[in-house]
Amino acid sequence: MKPVAHISEKIINILNLPLAPNTPVYIGETNIEHIKNRHPYEYKRYFPHIDEIINEPDYVGLSPKDSSIMFVKLYEVRGEYIRVAVKITQKSTCFAKTLHMLSSCNAERYIDKGTLKKI
């Protein structure tokens, strides 16, 4: 399986992650199907840019629900916050599990609370 992106040392340091610099992020077929079926708009418009969202996010944070890494990019032309959630396995392998739009309200709340940190 080829990586779709890598987690930079900067992000690892910001989030205090137990990962080596440039840890690869993979995505499995079931996760691609999930995105395609549950988030068709985001799949069509943003899946081709999943590497950019992970490699060059505007915000990062840890999900309060399951501690997955949240990579968020604001596409200002459309005013859309796009989130890629990456899960770290017990063996420190990283998998992108979903890609979807984050409402402006939720994104701004996460930013105000410090859950999302500006890069």
# chains A, B, ... in the order shown; residues from 1 in each chain; ligands from 1
>>> residues_around(residues="Lys113 (chain A)", least_positions_apart="5", cutoff="12 Å", atoms="only C-alpha atoms", output="list in words")
Gly61, Pro64, Asn106, Ala107, Glu108 and Lys118 of chain A
>>> write_last_selection(atoms="N, CA and C atoms", output="short mmCIF file (atom, residue, chain, number, x, y, z; two decimals), in the first residue's frame")
data_model
loop_
_atom_site.label_atom_id
_atom_site.label_comp_id
_atom_site.auth_asym_id
_atom_site.auth_seq_id
_atom_site.Cartn_x
_atom_site.Cartn_y
_atom_site.Cartn_z
N GLY A 61 -5.37 19.12 15.04
CA GLY A 61 -5.80 18.89 16.41
C GLY A 61 -6.07 17.41 16.62
N PRO A 64 -11.71 15.12 19.98
CA PRO A 64 -12.13 14.84 21.35
C PRO A 64 -12.86 13.50 21.48
N ASN A 106 -18.68 24.56 13.70
CA ASN A 106 -17.86 23.59 14.44
C ASN A 106 -16.38 23.93 14.34
N ALA A 107 -15.93 24.29 13.14
CA ALA A 107 -14.52 24.63 12.96
C ALA A 107 -14.14 25.81 13.85
N GLU A 108 -14.96 26.85 13.84
CA GLU A 108 -14.66 28.03 14.64
C GLU A 108 -14.71 27.72 16.14
N LYS A 118 -3.79 26.54 14.82
CA LYS A 118 -3.39 27.12 13.53
C LYS A 118 -1.95 26.75 13.22
#
>>> residues_around(residues="region 4-17 of chain A", least_positions_apart="6", cutoff="12 Å", atoms="only C-alpha atoms", output="mmCIF file with all heavy atoms, in the first residue's frame")
data_model
loop_
_atom_site.group_PDB
_atom_site.id
_atom_site.type_symbol
_atom_site.label_atom_id
_atom_site.label_comp_id
_atom_site.auth_asym_id
_atom_site.auth_seq_id
_atom_site.Cartn_x
_atom_site.Cartn_y
_atom_site.Cartn_z
ATOM 1 N N THR A 23 6.150 10.362 9.157
ATOM 2 C CA THR A 23 5.402 9.106 9.230
ATOM 3 C C THR A 23 4.404 9.061 8.080
ATOM 4 O O THR A 23 3.650 10.012 7.866
ATOM 5 C CB THR A 23 4.655 8.994 10.575
ATOM 6 O OG1 THR A 23 5.622 8.901 11.618
ATOM 7 C CG2 THR A 23 3.742 7.787 10.608
ATOM 8 N N PRO A 24 4.374 7.963 7.321
ATOM 9 C CA PRO A 24 3.432 7.880 6.202
ATOM 10 C C PRO A 24 1.992 7.697 6.676
ATOM 11 O O PRO A 24 1.745 7.128 7.743
ATOM 12 C CB PRO A 24 3.904 6.645 5.422
ATOM 13 C CG PRO A 24 4.714 5.858 6.383
ATOM 14 C CD PRO A 24 5.255 6.800 7.402
ATOM 15 N N VAL A 25 1.073 8.208 5.866
ATOM 16 C CA VAL A 25 -0.363 8.022 6.092
ATOM 17 C C VAL A 25 -0.894 7.220 4.920
ATOM 18 O O VAL A 25 -0.692 7.591 3.758
ATOM 19 C CB VAL A 25 -1.102 9.373 6.186
ATOM 20 C CG1 VAL A 25 -2.604 9.152 6.348
ATOM 21 C CG2 VAL A 25 -0.548 10.215 7.331
ATOM 22 N N TYR A 26 -1.570 6.124 5.229
ATOM 23 C CA TYR A 26 -2.147 5.239 4.220
ATOM 24 C C TYR A 26 -3.663 5.391 4.223
ATOM 25 O O TYR A 26 -4.242 5.921 5.171
ATOM 26 C CB TYR A 26 -1.784 3.779 4.522
ATOM 27 C CG TYR A 26 -0.303 3.534 4.602
ATOM 28 C CD1 TYR A 26 0.360 3.550 5.826
ATOM 29 C CD2 TYR A 26 0.441 3.304 3.456
ATOM 30 C CE1 TYR A 26 1.733 3.336 5.901
ATOM 31 C CE2 TYR A 26 1.815 3.084 3.524
ATOM 32 C CZ TYR A 26 2.451 3.099 4.748
ATOM 33 O OH TYR A 26 3.801 2.888 4.818
ATOM 34 N N ILE A 27 -4.297 4.882 3.161
ATOM 35 C CA ILE A 27 -5.757 4.821 3.134
ATOM 36 C C ILE A 27 -6.155 3.508 2.483
ATOM 37 O O ILE A 27 -5.629 3.142 1.428
ATOM 38 C CB ILE A 27 -6.392 6.037 2.425
ATOM 39 C CG1 ILE A 27 -7.907 6.032 2.612
ATOM 40 C CG2 ILE A 27 -6.014 6.099 0.959
ATOM 41 C CD1 ILE A 27 -8.574 7.353 2.286
ATOM 42 N N GLY A 28 -7.064 2.802 3.138
ATOM 43 C CA GLY A 28 -7.526 1.521 2.628
ATOM 44 C C GLY A 28 -8.743 1.668 1.729
ATOM 45 O O GLY A 28 -9.431 2.696 1.738
ATOM 46 N N ILE A 32 -11.834 4.516 1.447
ATOM 47 C CA ILE A 32 -12.139 5.235 0.206
ATOM 48 C C ILE A 32 -13.613 5.059 -0.139
ATOM 49 O O ILE A 32 -14.309 6.017 -0.479
ATOM 50 C CB ILE A 32 -11.231 4.759 -0.955
ATOM 51 C CG1 ILE A 32 -9.781 5.141 -0.663
ATOM 52 C CG2 ILE A 32 -11.697 5.352 -2.292
ATOM 53 C CD1 ILE A 32 -8.765 4.530 -1.620
ATOM 54 N N PHE A 47 -11.097 14.736 -2.563
ATOM 55 C CA PHE A 47 -10.273 13.534 -2.421
ATOM 56 C C PHE A 47 -8.987 13.613 -3.242
ATOM 57 O O PHE A 47 -7.930 13.191 -2.761
ATOM 58 C CB PHE A 47 -11.057 12.259 -2.764
ATOM 59 C CG PHE A 47 -10.285 11.008 -2.430
ATOM 60 C CD1 PHE A 47 -10.214 10.549 -1.131
ATOM 61 C CD2 PHE A 47 -9.606 10.311 -3.419
ATOM 62 C CE1 PHE A 47 -9.489 9.412 -0.810
ATOM 63 C CE2 PHE A 47 -8.875 9.175 -3.117
ATOM 64 C CZ PHE A 47 -8.819 8.726 -1.806
ATOM 65 N N PRO A 48 -9.021 14.188 -4.446
ATOM 66 C CA PRO A 48 -7.761 14.319 -5.201
ATOM 67 C C PRO A 48 -6.713 15.189 -4.477
ATOM 68 O O PRO A 48 -5.546 15.175 -4.836
ATOM 69 C CB PRO A 48 -8.189 14.965 -6.523
ATOM 70 C CG PRO A 48 -9.640 14.629 -6.658
ATOM 71 C CD PRO A 48 -10.177 14.603 -5.257
ATOM 72 N N HIS A 49 -7.143 15.930 -3.456
ATOM 73 C CA HIS A 49 -6.246 16.825 -2.725
ATOM 74 C C HIS A 49 -5.953 16.330 -1.308
ATOM 75 O O HIS A 49 -5.481 17.102 -0.464
ATOM 76 C CB HIS A 49 -6.850 18.230 -2.659
ATOM 77 C CG HIS A 49 -7.220 18.768 -3.998
ATOM 78 N ND1 HIS A 49 -6.281 19.198 -4.918
ATOM 79 C CD2 HIS A 49 -8.422 18.887 -4.599
ATOM 80 C CE1 HIS A 49 -6.909 19.592 -6.018
ATOM 81 N NE2 HIS A 49 -8.194 19.407 -5.854
ATOM 82 N N ILE A 50 -6.222 15.054 -1.033
ATOM 83 C CA ILE A 50 -6.026 14.535 0.321
ATOM 84 C C ILE A 50 -4.582 14.707 0.780
ATOM 85 O O ILE A 50 -4.327 15.013 1.944
ATOM 86 C CB ILE A 50 -6.509 13.063 0.438
ATOM 87 C CG1 ILE A 50 -6.609 12.666 1.915
ATOM 88 C CG2 ILE A 50 -5.636 12.112 -0.360
ATOM 89 C CD1 ILE A 50 -7.352 11.350 2.138
ATOM 90 N N ASP A 51 -3.641 14.566 -0.138
ATOM 91 C CA ASP A 51 -2.233 14.757 0.230
ATOM 92 C C ASP A 51 -1.974 16.197 0.669
ATOM 93 O O ASP A 51 -1.286 16.445 1.652
ATOM 94 C CB ASP A 51 -1.307 14.364 -0.927
ATOM 95 C CG ASP A 51 -1.530 15.185 -2.194
ATOM 96 O OD1 ASP A 51 -2.669 15.651 -2.431
ATOM 97 O OD2 ASP A 51 -0.567 15.357 -2.957
ATOM 98 N N GLU A 52 -2.545 17.161 -0.031
ATOM 99 C CA GLU A 52 -2.383 18.578 0.318
ATOM 100 C C GLU A 52 -2.994 18.889 1.688
ATOM 101 O O GLU A 52 -2.406 19.632 2.482
ATOM 102 C CB GLU A 52 -3.046 19.442 -0.758
ATOM 103 C CG GLU A 52 -3.049 20.913 -0.450
ATOM 104 C CD GLU A 52 -3.895 21.713 -1.438
ATOM 105 O OE1 GLU A 52 -4.329 21.159 -2.468
ATOM 106 O OE2 GLU A 52 -4.129 22.886 -1.155
ATOM 107 N N ILE A 53 -4.157 18.308 1.973
ATOM 108 C CA ILE A 53 -4.827 18.561 3.247
ATOM 109 C C ILE A 53 -3.981 18.044 4.408
ATOM 110 O O ILE A 53 -3.851 18.705 5.436
ATOM 111 C CB ILE A 53 -6.242 17.941 3.247
ATOM 112 C CG1 ILE A 53 -7.104 18.597 2.154
ATOM 113 C CG2 ILE A 53 -6.901 18.081 4.622
ATOM 114 C CD1 ILE A 53 -8.385 17.851 1.830
ATOM 115 N N ILE A 54 -3.371 16.874 4.242
ATOM 116 C CA ILE A 54 -2.538 16.292 5.305
ATOM 117 C C ILE A 54 -1.151 16.944 5.342
ATOM 118 O O ILE A 54 -0.647 17.255 6.416
ATOM 119 C CB ILE A 54 -2.424 14.763 5.130
ATOM 120 C CG1 ILE A 54 -3.798 14.110 5.302
ATOM 121 C CG2 ILE A 54 -1.420 14.176 6.126
ATOM 122 C CD1 ILE A 54 -3.852 12.649 4.910
ATOM 123 N N ASN A 55 -0.554 17.153 4.196
ATOM 124 C CA ASN A 55 0.807 17.708 4.154
ATOM 125 C C ASN A 55 0.858 19.207 4.442
ATOM 126 O O ASN A 55 1.863 19.706 4.936
ATOM 127 C CB ASN A 55 1.465 17.440 2.803
ATOM 128 C CG ASN A 55 1.785 15.980 2.586
ATOM 129 O OD1 ASN A 55 2.019 15.234 3.527
ATOM 130 N ND2 ASN A 55 1.783 15.559 1.329
ATOM 131 N N GLU A 56 -0.217 19.931 4.107
ATOM 132 C CA GLU A 56 -0.233 21.393 4.257
ATOM 133 C C GLU A 56 -1.544 21.876 4.882
ATOM 134 O O GLU A 56 -2.240 22.707 4.306
ATOM 135 C CB GLU A 56 -0.042 22.054 2.900
ATOM 136 C CG GLU A 56 1.240 21.657 2.189
ATOM 137 C CD GLU A 56 1.254 22.108 0.741
ATOM 138 O OE1 GLU A 56 0.594 23.106 0.403
ATOM 139 O OE2 GLU A 56 1.934 21.450 -0.058
ATOM 140 N N PRO A 57 -1.884 21.383 6.076
ATOM 141 C CA PRO A 57 -3.151 21.807 6.680
ATOM 142 C C PRO A 57 -3.061 23.243 7.192
ATOM 143 O O PRO A 57 -1.964 23.767 7.428
ATOM 144 C CB PRO A 57 -3.310 20.835 7.854
ATOM 145 C CG PRO A 57 -1.900 20.542 8.260
ATOM 146 C CD PRO A 57 -1.129 20.497 6.952
ATOM 147 N N ASP A 58 -4.215 23.865 7.361
ATOM 148 C CA ASP A 58 -4.267 25.178 7.999
ATOM 149 C C ASP A 58 -4.386 25.024 9.512
ATOM 150 O O ASP A 58 -3.941 25.885 10.263
ATOM 151 C CB ASP A 58 -5.452 25.986 7.464
ATOM 152 C CG ASP A 58 -5.284 26.332 5.995
ATOM 153 O OD1 ASP A 58 -4.173 26.752 5.618
ATOM 154 O OD2 ASP A 58 -6.246 26.165 5.225
ATOM 155 N N TYR A 59 -5.011 23.906 9.940
ATOM 156 C CA TYR A 59 -5.219 23.623 11.354
ATOM 157 C C TYR A 59 -4.999 22.135 11.601
ATOM 158 O O TYR A 59 -5.259 21.315 10.722
ATOM 159 C CB TYR A 59 -6.659 23.963 11.784
ATOM 160 C CG TYR A 59 -7.025 25.404 11.560
ATOM 161 C CD1 TYR A 59 -7.612 25.822 10.371
ATOM 162 C CD2 TYR A 59 -6.792 26.357 12.550
ATOM 163 C CE1 TYR A 59 -7.946 27.154 10.164
ATOM 164 C CE2 TYR A 59 -7.121 27.695 12.347
ATOM 165 C CZ TYR A 59 -7.693 28.078 11.162
ATOM 166 O OH TYR A 59 -8.014 29.391 10.962
ATOM 167 N N VAL A 60 -4.558 21.804 12.815
ATOM 168 C CA VAL A 60 -4.453 20.413 13.244
ATOM 169 C C VAL A 60 -4.939 20.319 14.679
ATOM 170 O O VAL A 60 -4.913 21.293 15.432
ATOM 171 C CB VAL A 60 -3.017 19.843 13.156
ATOM 172 C CG1 VAL A 60 -2.550 19.741 11.721
ATOM 173 C CG2 VAL A 60 -2.051 20.639 14.004
ATOM 174 N N GLY A 61 -5.370 19.122 15.036
ATOM 175 C CA GLY A 61 -5.801 18.890 16.412
ATOM 176 C C GLY A 61 -6.066 17.414 16.622
ATOM 177 O O GLY A 61 -5.954 16.606 15.690
ATOM 178 N N LEU A 62 -6.419 17.084 17.845
ATOM 179 C CA LEU A 62 -6.808 15.715 18.174
ATOM 180 C C LEU A 62 -8.296 15.701 18.421
ATOM 181 O O LEU A 62 -8.824 16.547 19.163
ATOM 182 C CB LEU A 62 -6.047 15.225 19.415
ATOM 183 C CG LEU A 62 -4.540 15.103 19.243
ATOM 184 C CD1 LEU A 62 -3.882 14.725 20.570
ATOM 185 C CD2 LEU A 62 -4.201 14.077 18.178
ATOM 186 N N SER A 63 -8.975 14.762 17.806
ATOM 187 C CA SER A 63 -10.420 14.653 17.951
ATOM 188 C C SER A 63 -10.779 14.348 19.403
ATOM 189 O O SER A 63 -10.231 13.421 19.996
ATOM 190 C CB SER A 63 -10.960 13.546 17.049
ATOM 191 O OG SER A 63 -12.324 13.305 17.343
ATOM 192 N N SER A 67 -9.497 10.621 19.649
ATOM 193 C CA SER A 67 -8.067 10.948 19.608
ATOM 194 C C SER A 67 -7.428 10.786 18.233
ATOM 195 O O SER A 67 -6.210 10.726 18.127
ATOM 196 C CB SER A 67 -7.282 10.126 20.634
ATOM 197 O OG SER A 67 -7.710 10.454 21.924
ATOM 198 N N SER A 68 -8.236 10.701 17.175
ATOM 199 C CA SER A 68 -7.641 10.689 15.844
ATOM 200 C C SER A 68 -7.109 12.089 15.548
ATOM 201 O O SER A 68 -7.523 13.076 16.156
ATOM 202 C CB SER A 68 -8.649 10.238 14.779
ATOM 203 O OG SER A 68 -9.743 11.123 14.732
ATOM 204 N N ILE A 69 -6.156 12.155 14.632
ATOM 205 C CA ILE A 69 -5.581 13.439 14.254
ATOM 206 C C ILE A 69 -6.518 14.108 13.252
ATOM 207 O O ILE A 69 -6.945 13.480 12.283
ATOM 208 C CB ILE A 69 -4.192 13.268 13.615
ATOM 209 C CG1 ILE A 69 -3.283 12.430 14.513
ATOM 210 C CG2 ILE A 69 -3.562 14.629 13.331
ATOM 211 C CD1 ILE A 69 -2.025 11.942 13.803
ATOM 212 N N MET A 70 -6.825 15.374 13.489
ATOM 213 C CA MET A 70 -7.657 16.139 12.566
ATOM 214 C C MET A 70 -6.755 17.074 11.770
ATOM 215 O O MET A 70 -6.059 17.911 12.343
ATOM 216 C CB MET A 70 -8.697 16.968 13.330
ATOM 217 C CG MET A 70 -9.671 16.165 14.134
ATOM 218 S SD MET A 70 -11.000 17.174 14.847
ATOM 219 C CE MET A 70 -10.095 18.177 16.022
ATOM 220 N N PHE A 71 -6.762 16.888 10.470
ATOM 221 C CA PHE A 71 -6.071 17.792 9.551
ATOM 222 C C PHE A 71 -7.167 18.600 8.868
ATOM 223 O O PHE A 71 -8.047 18.028 8.223
ATOM 224 C CB PHE A 71 -5.288 17.002 8.500
ATOM 225 C CG PHE A 71 -4.146 16.220 9.064
ATOM 226 C CD1 PHE A 71 -4.328 14.930 9.522
ATOM 227 C CD2 PHE A 71 -2.878 16.777 9.145
ATOM 228 C CE1 PHE A 71 -3.270 14.197 10.044
ATOM 229 C CE2 PHE A 71 -1.815 16.056 9.661
ATOM 230 C CZ PHE A 71 -2.012 14.769 10.119
ATOM 231 N N VAL A 84 -9.630 15.844 7.297
ATOM 232 C CA VAL A 84 -9.213 14.455 7.112
ATOM 233 C C VAL A 84 -8.878 13.944 8.509
ATOM 234 O O VAL A 84 -8.078 14.544 9.218
ATOM 235 C CB VAL A 84 -7.984 14.322 6.189
ATOM 236 C CG1 VAL A 84 -7.504 12.884 6.137
ATOM 237 C CG2 VAL A 84 -8.307 14.821 4.787
ATOM 238 N N VAL A 86 -7.216 11.052 10.759
ATOM 239 C CA VAL A 86 -6.190 10.016 10.641
ATOM 240 C C VAL A 86 -6.077 9.294 11.976
ATOM 241 O O VAL A 86 -5.854 9.923 13.014
ATOM 242 C CB VAL A 86 -4.834 10.627 10.234
ATOM 243 C CG1 VAL A 86 -3.725 9.586 10.283
ATOM 244 C CG2 VAL A 86 -4.924 11.246 8.844
ATOM 245 N N LYS A 87 -6.237 8.006 11.930
ATOM 246 C CA LYS A 87 -6.137 7.159 13.123
ATOM 247 C C LYS A 87 -4.742 6.570 13.218
ATOM 248 O O LYS A 87 -4.169 6.140 12.231
ATOM 249 C CB LYS A 87 -7.181 6.032 13.032
ATOM 250 C CG LYS A 87 -7.344 5.245 14.296
ATOM 251 C CD LYS A 87 -8.036 6.077 15.328
ATOM 252 C CE LYS A 87 -8.311 5.253 16.579
ATOM 253 N NZ LYS A 87 -8.697 6.058 17.683
ATOM 254 N N ILE A 88 -4.198 6.545 14.430
ATOM 255 C CA ILE A 88 -2.897 5.924 14.688
ATOM 256 C C ILE A 88 -3.152 4.568 15.332
ATOM 257 O O ILE A 88 -3.827 4.488 16.356
ATOM 258 C CB ILE A 88 -2.035 6.776 15.645
ATOM 259 C CG1 ILE A 88 -1.879 8.198 15.122
ATOM 260 C CG2 ILE A 88 -0.680 6.117 15.867
ATOM 261 C CD1 ILE A 88 -1.232 9.146 16.115
ATOM 262 N N SER A 92 1.681 2.205 15.610
ATOM 263 C CA SER A 92 2.062 3.526 15.081
ATOM 264 C C SER A 92 1.958 3.642 13.567
ATOM 265 O O SER A 92 2.670 4.433 12.947
ATOM 266 C CB SER A 92 3.471 3.918 15.547
ATOM 267 O OG SER A 92 3.489 4.053 16.946
ATOM 268 N N THR A 93 1.061 2.869 12.967
ATOM 269 C CA THR A 93 0.747 3.028 11.548
ATOM 270 C C THR A 93 -0.426 3.997 11.458
ATOM 271 O O THR A 93 -1.351 3.925 12.272
ATOM 272 C CB THR A 93 0.383 1.678 10.911
ATOM 273 O OG1 THR A 93 1.463 0.766 11.136
ATOM 274 C CG2 THR A 93 0.144 1.812 9.413
ATOM 275 N N CYS A 94 -0.387 4.905 10.502
ATOM 276 C CA CYS A 94 -1.424 5.925 10.367
ATOM 277 C C CYS A 94 -2.287 5.670 9.134
ATOM 278 O O CYS A 94 -1.763 5.457 8.046
ATOM 279 C CB CYS A 94 -0.778 7.302 10.282
ATOM 280 S SG CYS A 94 0.092 7.749 11.786
ATOM 281 N N PHE A 95 -3.602 5.712 9.356
ATOM 282 C CA PHE A 95 -4.570 5.496 8.279
ATOM 283 C C PHE A 95 -5.565 6.648 8.232
ATOM 284 O O PHE A 95 -6.142 7.009 9.264
ATOM 285 C CB PHE A 95 -5.351 4.196 8.494
ATOM 286 C CG PHE A 95 -4.546 2.965 8.256
ATOM 287 C CD1 PHE A 95 -3.929 2.308 9.311
ATOM 288 C CD2 PHE A 95 -4.397 2.458 6.978
ATOM 289 C CE1 PHE A 95 -3.174 1.165 9.102
ATOM 290 C CE2 PHE A 95 -3.646 1.319 6.750
ATOM 291 C CZ PHE A 95 -3.028 0.670 7.815
ATOM 292 N N ALA A 96 -5.770 7.213 7.038
ATOM 293 C CA ALA A 96 -6.836 8.197 6.842
ATOM 294 C C ALA A 96 -8.142 7.432 6.860
ATOM 295 O O ALA A 96 -8.321 6.485 6.101
ATOM 296 C CB ALA A 96 -6.649 8.930 5.517
ATOM 297 N N GLY A 114 -9.303 25.829 21.224
ATOM 298 C CA GLY A 114 -7.931 25.359 21.151
ATOM 299 C C GLY A 114 -7.798 23.910 20.732
ATOM 300 O O GLY A 114 -6.695 23.361 20.714
ATOM 301 N N THR A 115 -8.925 23.276 20.387
ATOM 302 C CA THR A 115 -8.880 21.891 19.900
ATOM 303 C C THR A 115 -8.160 21.850 18.568
ATOM 304 O O THR A 115 -7.399 20.925 18.306
ATOM 305 C CB THR A 115 -10.313 21.315 19.766
ATOM 306 O OG1 THR A 115 -10.964 21.426 21.042
ATOM 307 C CG2 THR A 115 -10.297 19.875 19.321
ATOM 308 N N LEU A 116 -8.405 22.852 17.714
ATOM 309 C CA LEU A 116 -7.671 22.993 16.453
ATOM 310 C C LEU A 116 -6.648 24.103 16.627
ATOM 311 O O LEU A 116 -6.975 25.202 17.110
ATOM 312 C CB LEU A 116 -8.618 23.344 15.293
ATOM 313 C CG LEU A 116 -9.458 22.215 14.744
ATOM 314 C CD1 LEU A 116 -10.403 22.741 13.667
ATOM 315 C CD2 LEU A 116 -8.593 21.094 14.180
ATOM 316 N N LYS A 117 -5.431 23.796 16.244
ATOM 317 C CA LYS A 117 -4.343 24.768 16.351
ATOM 318 C C LYS A 117 -3.942 25.237 14.962
ATOM 319 O O LYS A 117 -3.784 24.434 14.053
ATOM 320 C CB LYS A 117 -3.148 24.110 17.049
ATOM 321 C CG LYS A 117 -3.455 23.699 18.485
ATOM 322 C CD LYS A 117 -2.435 22.749 19.019
ATOM 323 C CE LYS A 117 -2.670 22.241 20.409
ATOM 324 N NZ LYS A 117 -3.916 22.401 21.031
ATOM 325 N N LYS A 118 -3.785 26.543 14.818
ATOM 326 C CA LYS A 118 -3.386 27.124 13.528
ATOM 327 C C LYS A 118 -1.947 26.749 13.217
ATOM 328 O O LYS A 118 -1.087 26.774 14.082
ATOM 329 C CB LYS A 118 -3.518 28.646 13.587
ATOM 330 C CG LYS A 118 -3.130 29.348 12.316
ATOM 331 C CD LYS A 118 -4.332 29.929 11.647
ATOM 332 C CE LYS A 118 -3.948 30.763 10.445
ATOM 333 N NZ LYS A 118 -4.189 30.086 9.195
ATOM 334 N N ILE A 119 -1.700 26.365 11.975
ATOM 335 C CA ILE A 119 -0.340 26.025 11.524
ATOM 336 C C ILE A 119 0.313 27.272 10.958
ATOM 337 O O ILE A 119 -0.269 28.042 10.279
ATOM 338 C CB ILE A 119 -0.387 24.911 10.455
ATOM 339 C CG1 ILE A 119 -1.009 23.655 11.033
ATOM 340 C CG2 ILE A 119 0.982 24.639 9.902
ATOM 341 C CD1 ILE A 119 -0.219 23.017 12.142
#
>>> select_by_dssp(residues="chain A", states="strand (DSSP E or B)", output="NGL selection string")
:A and (5-7 or 23-26 or 59-62 or 69-75 or 80-88 or 94-102 or 116-118)
>>> write_last_selection(atoms="N, CA and C atoms", output="short mmCIF file (atom, residue, chain, number, x, y, z; two decimals), in the first residue's frame")
data_model
loop_
_atom_site.label_atom_id
_atom_site.label_comp_id
_atom_site.auth_asym_id
_atom_site.auth_seq_id
_atom_site.Cartn_x
_atom_site.Cartn_y
_atom_site.Cartn_z
N ALA A 5 0.20 10.53 2.01
CA ALA A 5 0.81 11.73 2.56
C ALA A 5 1.76 11.32 3.68
N HIS A 6 2.36 12.34 4.31
CA HIS A 6 3.26 12.10 5.44
C HIS A 6 2.98 13.14 6.52
N ILE A 7 3.16 12.75 7.77
CA ILE A 7 2.95 13.67 8.88
C ILE A 7 4.29 14.33 9.20
N THR A 23 6.15 10.36 9.16
CA THR A 23 5.40 9.11 9.23
C THR A 23 4.40 9.06 8.08
N PRO A 24 4.37 7.96 7.32
CA PRO A 24 3.43 7.88 6.20
C PRO A 24 1.99 7.70 6.68
N VAL A 25 1.07 8.21 5.87
CA VAL A 25 -0.36 8.02 6.09
C VAL A 25 -0.89 7.22 4.92
N TYR A 26 -1.57 6.12 5.23
CA TYR A 26 -2.15 5.24 4.22
C TYR A 26 -3.66 5.39 4.22
N TYR A 59 -5.01 23.91 9.94
CA TYR A 59 -5.22 23.62 11.35
C TYR A 59 -5.00 22.14 11.60
N VAL A 60 -4.56 21.80 12.81
CA VAL A 60 -4.45 20.41 13.24
C VAL A 60 -4.94 20.32 14.68
N GLY A 61 -5.37 19.12 15.04
CA GLY A 61 -5.80 18.89 16.41
C GLY A 61 -6.07 17.41 16.62
N LEU A 62 -6.42 17.08 17.84
CA LEU A 62 -6.81 15.71 18.17
C LEU A 62 -8.30 15.70 18.42
N ILE A 69 -6.16 12.15 14.63
CA ILE A 69 -5.58 13.44 14.25
C ILE A 69 -6.52 14.11 13.25
N MET A 70 -6.82 15.37 13.49
CA MET A 70 -7.66 16.14 12.57
C MET A 70 -6.76 17.07 11.77
N PHE A 71 -6.76 16.89 10.47
CA PHE A 71 -6.07 17.79 9.55
C PHE A 71 -7.17 18.60 8.87
N VAL A 72 -7.14 19.91 9.02
CA VAL A 72 -8.20 20.75 8.47
C VAL A 72 -7.60 21.80 7.56
N LYS A 73 -8.19 21.91 6.39
CA LYS A 73 -7.76 22.92 5.42
C LYS A 73 -8.98 23.78 5.08
N LEU A 74 -8.78 25.08 5.11
CA LEU A 74 -9.84 26.02 4.73
C LEU A 74 -9.65 26.40 3.27
N TYR A 75 -10.63 26.06 2.46
CA TYR A 75 -10.64 26.47 1.06
C TYR A 75 -11.47 27.74 1.00
N GLU A 80 -15.06 26.60 2.69
CA GLU A 80 -15.28 25.24 3.19
C GLU A 80 -14.06 24.75 3.98
N TYR A 81 -14.34 24.31 5.20
CA TYR A 81 -13.32 23.64 6.00
C TYR A 81 -13.41 22.15 5.69
N ILE A 82 -12.32 21.56 5.24
CA ILE A 82 -12.30 20.13 4.92
C ILE A 82 -11.40 19.43 5.93
N ARG A 83 -11.94 18.38 6.54
CA ARG A 83 -11.20 17.64 7.56
C ARG A 83 -10.87 16.23 7.08
N VAL A 84 -9.63 15.84 7.30
CA VAL A 84 -9.21 14.46 7.11
C VAL A 84 -8.88 13.94 8.51
N ALA A 85 -9.52 12.86 8.91
CA ALA A 85 -9.25 12.23 10.20
C ALA A 85 -8.30 11.07 9.98
N VAL A 86 -7.22 11.05 10.76
CA VAL A 86 -6.19 10.02 10.64
C VAL A 86 -6.08 9.29 11.98
N LYS A 87 -6.24 8.01 11.93
CA LYS A 87 -6.14 7.16 13.12
C LYS A 87 -4.74 6.57 13.22
N ILE A 88 -4.20 6.54 14.43
CA ILE A 88 -2.90 5.92 14.69
C ILE A 88 -3.15 4.57 15.33
N CYS A 94 -0.39 4.90 10.50
CA CYS A 94 -1.42 5.93 10.37
C CYS A 94 -2.29 5.67 9.13
N PHE A 95 -3.60 5.71 9.36
CA PHE A 95 -4.57 5.50 8.28
C PHE A 95 -5.57 6.65 8.23
N ALA A 96 -5.77 7.21 7.04
CA ALA A 96 -6.84 8.20 6.84
C ALA A 96 -8.14 7.43 6.86
N LYS A 97 -9.04 7.81 7.76
CA LYS A 97 -10.29 7.06 7.87
C LYS A 97 -11.48 7.77 7.25
N THR A 98 -11.41 9.09 7.14
CA THR A 98 -12.51 9.81 6.49
C THR A 98 -12.04 11.18 6.03
N LEU A 99 -12.81 11.74 5.13
CA LEU A 99 -12.60 13.09 4.61
C LEU A 99 -13.98 13.69 4.48
N HIS A 100 -14.22 14.81 5.12
CA HIS A 100 -15.54 15.43 5.02
C HIS A 100 -15.49 16.91 5.37
N MET A 101 -16.57 17.60 5.09
CA MET A 101 -16.67 19.01 5.39
C MET A 101 -16.96 19.18 6.87
N LEU A 102 -16.31 20.16 7.46
CA LEU A 102 -16.55 20.54 8.84
C LEU A 102 -17.30 21.86 8.78
N LEU A 116 -8.40 22.85 17.71
CA LEU A 116 -7.67 22.99 16.45
C LEU A 116 -6.65 24.10 16.63
N LYS A 117 -5.43 23.80 16.24
CA LYS A 117 -4.34 24.77 16.35
C LYS A 117 -3.94 25.24 14.96
N LYS A 118 -3.79 26.54 14.82
CA LYS A 118 -3.39 27.12 13.53
C LYS A 118 -1.95 26.75 13.22
#
>>> select_by_dssp(residues="region 12-92 of chain A", states="helix (DSSP H, G or I)", output="PyMOL selection string")
chain A and resi 12-15+29-38+40-55
>>> atom_distance(atom1="CA of Lys2 (chain A)", atom2="CA of Lys65 (chain A)")
27.8 Å
>>> closest_residue(among="A:Tyr110, A:Met1, A:Thr30, A:Pro18", to="Thr89 (chain A)", atoms="only C-alpha atoms")
A:Pro18
>>> atom_distance(atom1="CA of Glu76 (chain A)", atom2="CA of Ile111 (chain A)")
16.1 Å
>>> atom_distance(atom1="CA of Lys91 (chain A)", atom2="CA of Tyr43 (chain A)")
28.2 Å
